[in-house]
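Text of work_1.cif (mmCIF, C-alpha atoms) as supplied:
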```cif
data_model
#
loop_
_atom_site.label_atom_id
_atom_site.label_comp_id
_atom_site.auth_asym_id
_atom_site.auth_seq_id
_atom_site.Cartn_x
_atom_site.Cartn_y
_atom_site.Cartn_z
CA MET A 8 -1.07 0.48 5.16
CA ILE A 9 2.12 0.21 3.89
CA VAL A 10 4.67 1.62 6.16
CA PHE A 11 5.60 -0.20 9.30
CA LEU A 12 9.01 -0.78 10.80
CA VAL A 13 8.05 0.33 14.26
CA CYS A 14 4.96 -0.89 16.07
CA ILE A 15 2.08 -0.58 13.65
CA CYS A 16 -0.46 0.43 16.26
CA CYS A 17 1.53 3.58 17.00
CA TYR A 18 1.23 4.88 13.44
CA PHE A 19 -2.47 5.07 12.83
CA ASN A 20 -5.58 6.50 14.38
CA VAL A 21 -8.92 4.78 14.13
CA VAL A 22 -11.16 6.78 11.85
CA ARG A 23 -14.56 7.71 13.21
CA GLY A 24 -17.05 9.82 11.33
CA LEU A 25 -17.79 10.53 7.71
CA HIS A 26 -15.47 12.57 5.52
CA HIS A 27 -11.79 12.99 6.29
CA SER A 28 -10.18 14.29 3.13
CA VAL A 29 -6.52 14.65 2.25
CA ASP A 30 -5.89 16.02 -1.24
CA ILE A 31 -2.99 14.33 -2.98
CA THR A 32 -2.46 15.02 -6.66
CA GLY A 33 -0.63 12.74 -9.09
CA SER A 34 1.78 13.79 -11.81
CA ASN A 35 -1.10 13.93 -14.29
CA GLY A 36 -2.90 16.54 -12.17
CA PHE A 37 -5.68 14.21 -11.01
CA GLN A 38 -6.43 13.75 -7.35
CA LEU A 39 -5.48 10.34 -5.99
CA ALA A 40 -7.52 8.26 -3.56
CA ASN A 41 -4.89 8.07 -0.85
CA GLU A 42 -6.85 7.87 2.37
CA PHE A 43 -5.00 5.28 4.48
CA GLN A 44 -6.19 5.65 8.06
CA LEU A 45 -7.09 2.41 9.79
CA ILE A 46 -10.84 1.98 9.98
CA ASN A 47 -12.31 0.04 12.89
CA PHE A 48 -15.14 -1.92 11.34
CA THR A 49 -16.83 -2.97 14.57
CA ASN A 50 -20.22 -2.15 13.08
CA MET A 51 -19.49 -3.37 9.56
CA LYS A 52 -21.84 -5.76 7.84
CA SER A 53 -22.28 -7.18 4.39
CA ALA A 54 -25.38 -6.78 2.26
CA ILE A 55 -24.32 -9.71 0.08
CA THR A 56 -23.82 -13.39 0.77
CA LYS A 57 -20.71 -15.43 0.03
CA LYS A 58 -22.46 -16.83 -3.03
CA ASP A 59 -23.34 -13.36 -4.30
CA PHE A 60 -19.84 -12.14 -3.53
CA ALA A 61 -18.31 -14.59 -6.01
CA ARG A 62 -20.73 -13.68 -8.79
CA THR A 63 -20.41 -10.90 -11.34
CA VAL A 64 -20.15 -7.41 -9.88
CA SER A 65 -23.34 -6.38 -11.62
CA LYS A 66 -25.43 -8.45 -9.19
CA ASN A 67 -28.32 -6.32 -7.92
CA ILE A 68 -28.75 -5.73 -4.20
CA LYS A 69 -32.25 -5.54 -2.74
CA SER A 70 -32.84 -2.43 -0.66
CA SER A 71 -34.04 -3.04 2.89
CA SER A 72 -36.08 0.19 2.86
CA SER A 73 -37.72 -0.07 -0.52
CA GLU A 74 -39.18 -2.65 -2.88
CA ARG A 75 -37.29 -1.31 -5.86
CA SER A 76 -34.08 -3.05 -6.87
CA ILE A 77 -31.03 -0.82 -6.52
CA PHE A 78 -27.52 -1.51 -7.67
CA TYR A 79 -23.93 -0.64 -6.80
CA GLU A 80 -21.42 -1.70 -9.43
CA ILE A 81 -17.69 -1.47 -9.95
CA THR A 82 -17.66 -1.26 -13.72
CA SER A 83 -13.93 -1.37 -14.48
CA VAL A 84 -10.47 -1.50 -12.94
CA TYR A 85 -7.54 -0.48 -15.13
CA PRO A 86 -4.72 -1.33 -15.49
CA ARG A 87 -4.76 -4.70 -13.78
CA TRP A 88 -1.02 -5.42 -14.09
CA ILE A 89 1.13 -2.71 -12.51
CA LYS A 90 4.60 -1.85 -11.28
CA ASN A 91 5.38 -0.56 -7.81
CA ASP A 92 3.66 2.80 -7.19
CA GLY A 93 1.36 2.30 -10.17
CA VAL A 94 -1.91 4.22 -10.45
CA VAL A 95 -5.16 2.27 -10.95
CA ASN A 96 -8.40 3.79 -12.25
CA VAL A 97 -11.54 2.35 -10.61
CA THR A 98 -14.89 3.28 -12.15
CA PHE A 99 -18.23 2.69 -10.44
CA ARG A 100 -21.93 3.54 -10.62
CA SER A 101 -25.09 3.34 -8.54
CA ASP A 102 -28.70 4.39 -8.83
CA ASN A 103 -28.71 5.17 -5.11
CA ALA A 104 -25.60 7.39 -4.83
CA SER A 105 -24.93 8.93 -1.41
CA ASN A 106 -22.16 10.99 0.17
CA GLY A 107 -21.46 8.07 2.52
CA ASP A 108 -20.42 5.75 -0.32
CA TRP A 109 -16.76 4.77 -0.67
CA ILE A 110 -14.40 2.35 -2.38
CA GLY A 111 -11.81 0.42 -0.34
CA ALA A 112 -8.71 -1.36 -1.68
CA TYR A 113 -7.98 -4.66 0.05
CA SER A 114 -4.82 -6.72 -0.31
CA PRO A 115 -4.96 -9.65 -0.44
CA PRO A 116 -8.58 -9.92 -1.69
CA ILE A 117 -11.01 -11.17 0.94
CA ASN A 118 -14.46 -12.72 0.98
CA ALA A 119 -17.59 -11.28 2.56
CA SER A 120 -17.17 -13.21 5.80
CA GLN A 121 -13.75 -11.60 6.40
CA ILE A 122 -14.77 -8.02 5.71
CA SER A 123 -15.01 -7.00 9.37
CA SER A 124 -11.68 -8.59 10.36
CA THR A 125 -9.29 -6.40 8.39
CA SER A 126 -8.90 -2.82 7.22
CA PRO A 127 -8.43 -1.64 3.62
CA VAL A 128 -4.96 -0.54 2.59
CA LYS A 129 -6.50 2.60 1.06
CA TYR A 130 -9.94 4.03 0.40
CA GLY A 131 -11.57 6.89 -1.47
CA TRP A 132 -14.94 8.66 -1.26
CA CYS A 133 -17.14 8.18 -4.29
CA ASP A 134 -18.40 11.75 -4.18
CA GLU A 135 -14.85 13.10 -4.65
CA VAL A 136 -16.00 13.06 -8.29
CA SER A 137 -18.72 15.63 -9.01
CA THR A 138 -20.67 13.31 -11.32
CA TYR A 139 -21.36 10.76 -8.60
CA LEU A 140 -24.11 12.44 -6.61
CA ALA A 141 -25.52 14.17 -9.69
CA ASP A 142 -25.49 11.30 -12.17
CA GLY A 143 -24.61 8.16 -10.19
CA TYR A 144 -21.21 7.38 -11.70
CA GLY A 145 -17.58 8.29 -11.13
CA TYR A 146 -14.02 7.09 -10.84
CA LEU A 147 -11.16 7.13 -8.34
CA LEU A 148 -7.41 6.87 -8.93
CA PHE A 149 -5.55 4.64 -6.46
CA ASN A 150 -1.78 4.95 -6.17
CA LEU A 151 -0.61 1.50 -5.02
CA THR A 152 2.74 0.52 -3.62
CA ASN A 153 3.84 -3.07 -4.19
CA LEU A 154 1.94 -4.98 -1.50
CA ARG A 155 3.32 -8.36 -2.65
CA ALA A 156 -0.23 -9.66 -3.12
CA ASP A 157 -3.17 -8.95 -5.42
CA VAL A 158 -5.49 -6.00 -4.73
CA ALA A 159 -9.28 -5.98 -5.08
CA PHE A 160 -11.73 -3.10 -4.65
CA TYR A 161 -14.86 -3.13 -2.48
CA TYR A 162 -17.88 -0.87 -2.69
CA PHE A 163 -19.43 0.35 0.58
CA LYS A 164 -22.33 2.53 1.61
CA GLY A 165 -23.10 3.98 5.05
CA GLY A 166 -19.91 5.95 5.68
CA LEU A 167 -17.24 4.74 8.11
CA ASN A 168 -19.30 4.45 11.29
CA TYR A 169 -21.76 1.88 9.92
CA PRO A 170 -20.35 0.68 6.58
CA ILE A 171 -22.23 -1.88 4.53
CA LEU A 172 -20.46 -3.85 1.83
CA VAL A 173 -22.60 -3.76 -1.31
CA ASN A 174 -20.29 -5.06 -4.06
CA SER A 175 -16.71 -5.79 -5.04
CA SER A 176 -14.32 -6.31 -7.92
CA ALA A 177 -12.96 -9.54 -6.42
CA SER A 178 -12.63 -12.47 -8.82
CA GLN A 179 -13.22 -10.24 -11.85
CA PHE A 180 -11.00 -7.15 -11.58
CA ASN A 181 -8.08 -8.05 -9.30
CA VAL A 182 -4.92 -5.99 -9.72
CA SER A 183 -1.55 -7.80 -9.70
CA PHE A 184 1.99 -6.47 -9.30
CA ARG A 185 4.58 -7.36 -11.93
CA ASN A 186 7.02 -8.77 -9.38
CA ASN A 187 5.90 -9.57 -5.84
CA ASN A 188 9.50 -10.19 -4.79
CA GLU A 189 10.80 -6.82 -6.01
CA PRO A 190 13.38 -5.41 -3.54
CA LEU A 191 11.91 -2.20 -2.18
CA ARG A 192 11.88 0.50 0.52
CA PRO A 193 15.60 1.06 1.06
CA ARG A 194 16.76 3.31 3.86
CA ILE A 195 20.28 3.95 5.12
CA VAL A 196 20.56 4.29 8.88
CA ALA A 197 23.30 5.15 11.35
CA THR A 198 24.60 2.38 13.60
CA GLY A 199 26.35 4.41 16.31
CA ASP A 200 29.70 3.55 14.75
CA PRO A 201 30.85 6.39 12.42
CA ASP A 202 32.67 3.82 10.28
CA VAL A 203 29.52 1.77 9.63
CA LEU A 204 26.16 2.52 8.07
CA GLU A 205 23.39 0.02 7.50
CA LEU A 206 21.09 -0.46 4.53
CA LEU A 207 17.61 -1.82 5.22
CA TRP A 208 15.14 -3.03 2.59
CA SER A 209 12.30 -5.50 2.15
CA SER A 210 11.33 -8.36 -0.16
CA ALA A 211 8.82 -11.20 -0.26
CA THR A 212 10.90 -14.36 -0.62
CA SER A 213 14.55 -13.44 -1.28
CA GLN A 214 16.83 -16.44 -0.73
CA GLN A 215 20.23 -14.68 -0.87
CA PRO A 216 19.64 -10.99 -0.01
CA THR A 217 22.71 -9.09 -1.08
CA LEU A 218 24.05 -5.52 -1.13
CA LYS A 219 26.63 -4.49 -3.75
CA TRP A 220 28.36 -1.10 -3.60
CA GLY A 221 31.30 0.84 -4.96
CA LEU A 222 32.65 4.31 -5.73
CA SER A 223 31.87 4.37 -9.47
CA PRO A 224 28.58 3.93 -11.33
CA GLY A 225 27.98 0.28 -12.20
CA VAL A 226 31.20 -0.86 -10.51
CA TYR A 227 30.49 -2.63 -7.22
CA SER A 228 33.75 -3.63 -5.56
CA THR A 229 32.12 -4.66 -2.28
CA VAL A 230 29.50 -7.40 -1.96
CA VAL A 231 27.75 -7.89 1.39
CA ALA A 232 25.44 -10.75 2.39
CA ALA A 233 22.47 -9.33 4.27
CA GLN A 234 20.83 -10.57 7.43
CA THR A 235 17.09 -11.33 7.28
CA SER A 236 14.37 -10.92 9.87
CA HIS A 237 10.57 -11.07 9.95
CA ILE A 238 8.04 -9.30 12.15
CA ASN A 239 5.39 -11.69 13.46
CA ARG A 240 1.89 -10.62 14.30
CA SER A 241 2.34 -11.83 17.89
CA SER A 242 5.28 -9.45 18.39
CA ILE A 243 3.18 -6.31 17.81
CA CYS A 244 2.32 -4.47 21.02
CA GLY A 245 -1.46 -4.46 20.60
CA ALA A 246 -4.51 -3.45 18.57
CA PRO A 247 -5.00 -2.25 15.93
CA GLY A 248 -1.52 -3.36 14.83
CA ASN A 249 -2.06 -7.02 15.69
CA SER A 250 -5.77 -7.11 14.82
CA TYR A 251 -7.65 -5.48 11.94
CA GLY A 252 -4.62 -3.29 11.11
CA TRP A 253 -2.19 -6.17 10.72
CA ARG A 254 -0.41 -6.73 7.43
CA ASP A 255 2.55 -9.03 6.91
CA LEU A 256 5.58 -6.96 5.92
CA GLY A 257 7.40 -9.82 4.23
CA LEU A 258 11.13 -10.21 4.79
CA LEU A 259 13.27 -7.38 6.18
CA HIS A 260 16.94 -7.33 5.20
CA SER A 261 19.90 -5.43 6.66
CA ALA A 262 23.45 -5.13 5.31
CA ARG A 263 26.42 -3.27 6.78
CA ILE A 264 28.28 -0.63 4.74
CA GLU A 265 31.70 -0.47 6.36
CA GLY A 266 34.70 1.80 5.81
CA MET A 267 32.96 5.17 5.89
CA SER A 268 35.65 6.88 7.98
CA SER A 269 38.32 6.11 5.38
CA LEU A 270 36.41 7.88 2.61
CA PRO A 271 36.60 11.60 1.83
CA VAL A 272 33.60 13.63 2.96
CA SER A 273 30.77 13.57 0.40
CA ALA A 274 32.24 10.69 -1.58
CA ARG A 275 29.60 9.30 -3.91
CA ILE A 276 28.67 5.71 -3.04
CA TYR A 277 26.74 3.73 -5.66
CA TYR A 278 24.79 0.66 -4.62
CA VAL A 279 22.20 -1.92 -5.63
CA PHE A 280 20.41 -4.44 -3.45
CA GLY A 281 18.38 -7.55 -4.15
CA ASP A 282 18.55 -11.34 -4.41
CA ALA A 283 21.77 -12.96 -5.65
CA ALA A 284 19.89 -16.25 -6.08
CA ASP A 285 17.75 -15.00 -8.96
CA GLY A 286 19.88 -12.01 -10.01
CA LEU A 287 17.08 -9.53 -9.36
CA PHE A 288 18.52 -6.26 -8.06
CA SER A 289 17.20 -2.75 -7.57
CA PRO A 290 18.08 0.14 -9.84
CA GLU A 291 21.33 1.84 -8.88
CA THR A 292 21.07 4.42 -6.09
CA VAL A 293 23.72 6.83 -4.82
CA PHE A 294 24.35 8.51 -1.49
CA LEU A 295 27.13 10.75 -0.11
CA SER A 296 29.45 9.62 2.64
CA PRO A 297 28.77 11.52 5.88
CA PRO A 298 31.12 14.05 7.49
CA PRO A 299 32.95 13.16 10.73
CA ALA A 300 30.88 13.31 13.87
CA GLY A 301 30.51 16.86 15.17
CA SER A 302 31.40 18.58 11.88
CA GLN A 303 29.26 20.09 9.18
CA PRO A 304 30.80 20.91 5.77
CA ALA A 305 29.80 24.28 4.36
CA THR A 306 28.62 22.60 1.17
CA ARG A 307 26.12 20.47 3.10
CA PRO A 308 24.15 22.77 5.42
CA THR A 309 21.54 21.32 7.69
CA THR A 310 18.87 23.83 6.65
#
```

Structure encoded using structure tokens:
Amino acid sequence: MIVFLVCICCYFNVVRGLHHSVDITGSNGFQLANEFQLINFTNMKSAITKKDFARTVSKNIKSSSSERSIFYEITSVYPRWIKNDGVVNVTFRSDNASNGDWIGAYSPPINASQISSTSPVKYGWCDEVSTYLADGYGYLLFNLTNLRADVAFYYFKGGLNYPILVNSSASQFNVSFRNNNEPLRPRIVATGDPDVLELLWSSATSQQPTLKWGLSPGVYSTVVAAQTSHINRSSICGAPGNSYGWRDLGLLHSARIEGMSSLPVSARIYYVFGDAADGLFSPETVFLSPPPAGSQPATRPTT
């Protein structure tokens, strides 16, 4: 749930029903588990206790409708140390596979008592893999943006209307990001003043957020101290943004890029952004200076 600068509750619909599939394929040709609608878990319950939740993921769950012991198991999560936008392979198996089974990614990891109070950041249907219903095993690939906290995976049955938590990877297979404070999600926005643009980005704990820019690669003649803000849960307009859909965005930084009107049209502007306190900056990015208001150069059509 990774995308909120405007009110979170305006971005997502509550998912009701069983399958809602969006096919997204990674660079390796495999389909990624990128479902990210908010799920209202009003009817959610856990089939495992807090004590069971902390034990090994191979703990058997007793079926309420049968005397036989059935199991749901997350067998591996790999890799467990990733960069921003890394892809994680989650394998799982069950001897009671159903088309209502799914895997949810939660960040930060939660315990069984919290499972109905928050929504997963992403989820995938187990039967996306053909072997699951036929043979009881499968895998899903989760593409994860840097959430600035660990990620754990939770195994559910019962679809989305009446999901039941049956197992998790928490405490055994948590995924961590290489740098939780990595400066990310830059966007350049207009300010209403044609001489000034603004760069926005986010971090976790930057102490001296700074923008550096110039007109040559690697040469940053202008250094700008950024302003920092933070969106509080209480400032969100309503549910689900301030309830089960809430996720702390971390720190939001903004820095002014001044002097645009003195530059030639389509001048290349090179910039990096990050924390001057620890010297951690983003890779270099470039953008072109905009044309004067009301004009459109022939070399930069709008369509």

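Atom pair atom CA of Leu172 of chain A / atom CA of Gln121 of chain A: separated by 11.2 Å.
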
* Structure fact -> Atom pair atom CA of Asn187 of chain A + atom CA of Leu154 of chain A, distance 7.5 Å

* Report as a list in words the full result of the PyMOL selection byres ((chain A and resi 211-217) around 8) when it is applied to this structure. => Arg155, Asn187, Asn188, Glu189, Ser209, Ser210, Leu218, Lys219, Val230, Val231, Ala232, Ala233, Gln234, Thr235, Gly257, Leu258, His260, Ala262, Phe280, Gly281, Asp282, Ala283 and Ala284 of chain A

* Record the distance separating atom CA of Asn91 of chain A and atom CA of Asn150 of chain A, expressed in Å with one decimal. =>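 Computed distance, atom CA of Asn91 of chain A to atom CA of Asn150 of chain A, equals 9.2 Å.
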
* Asked: Taking all atoms listed in the file into account, which of A:Thr125, A:Asn239, A:Ser268, A:Asn186 comes nearest Gly111 of chain A?
  ->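 Comparing A:Thr125, A:Asn239, A:Ser268, A:Asn186 against Gly111 of chain A, the winner is A:Thr125.
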
* **Matched chain/residue IDs from the PyMOL selection byres ((chain A and resi 147) around 6), as a PyMOL selection string** => chain A and resi 96-97+146+148

* the PyMOL selection byres ((chain A and resi 92) around 8) resolved against shown file, as a ChimeraX atom specification -> /A:90-91,93-94,150-153

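Distances to Tyr79 of chain A were evaluated for A:Tyr169, A:Tyr162, A:Trp132, A:Trp109 using all atoms listed in the file, and the minimum falls at A:Tyr162.
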
* **Nearest residue to Ala159 of chain A from the set A:Ile171, A:Ile195, A:Asp200, A:Pro115 (distances using only C-alpha atoms)** =>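 Ranking A:Ile171, A:Ile195, A:Asp200, A:Pro115 by distance to Ala159 of chain A, first place goes to A:Pro115.
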
* Spatial neighbours of Ser250 of chain A, max dist 9 Å, all atoms listed in the file, sep filter under 5 positions, as a PyMOL selection string -> chain A and resi 124-125+240+245

* Long-range neighbours of Pro224 of chain A as an MDAnalysis selection string, 9 Å cut-off, all atoms listed in the file, 2 positions minimum in chain -> chainID A and resid 221:222 226:227 276:278 291 293

Kindly save the residues from that selection, with C-alpha atoms included, as a PDB file, keeping the file's coordinate frame.
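Printed below is selection29.pdb as written:
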```pdb
ATOM      1  CA  GLY A 221      31.300   0.840  -4.960  1.00  0.00           C
ATOM      2  CA  LEU A 222      32.650   4.310  -5.730  1.00  0.00           C
ATOM      3  CA  VAL A 226      31.200  -0.860 -10.510  1.00  0.00           C
ATOM      4  CA  TYR A 227      30.490  -2.630  -7.220  1.00  0.00           C
ATOM      5  CA  ILE A 276      28.670   5.710  -3.040  1.00  0.00           C
ATOM      6  CA  TYR A 277      26.740   3.730  -5.660  1.00  0.00           C
ATOM      7  CA  TYR A 278      24.790   0.660  -4.620  1.00  0.00           C
ATOM      8  CA  GLU A 291      21.330   1.840  -8.880  1.00  0.00           C
ATOM      9  CA  VAL A 293      23.720   6.830  -4.820  1.00  0.00           C
TER      10      VAL A 293
END
```
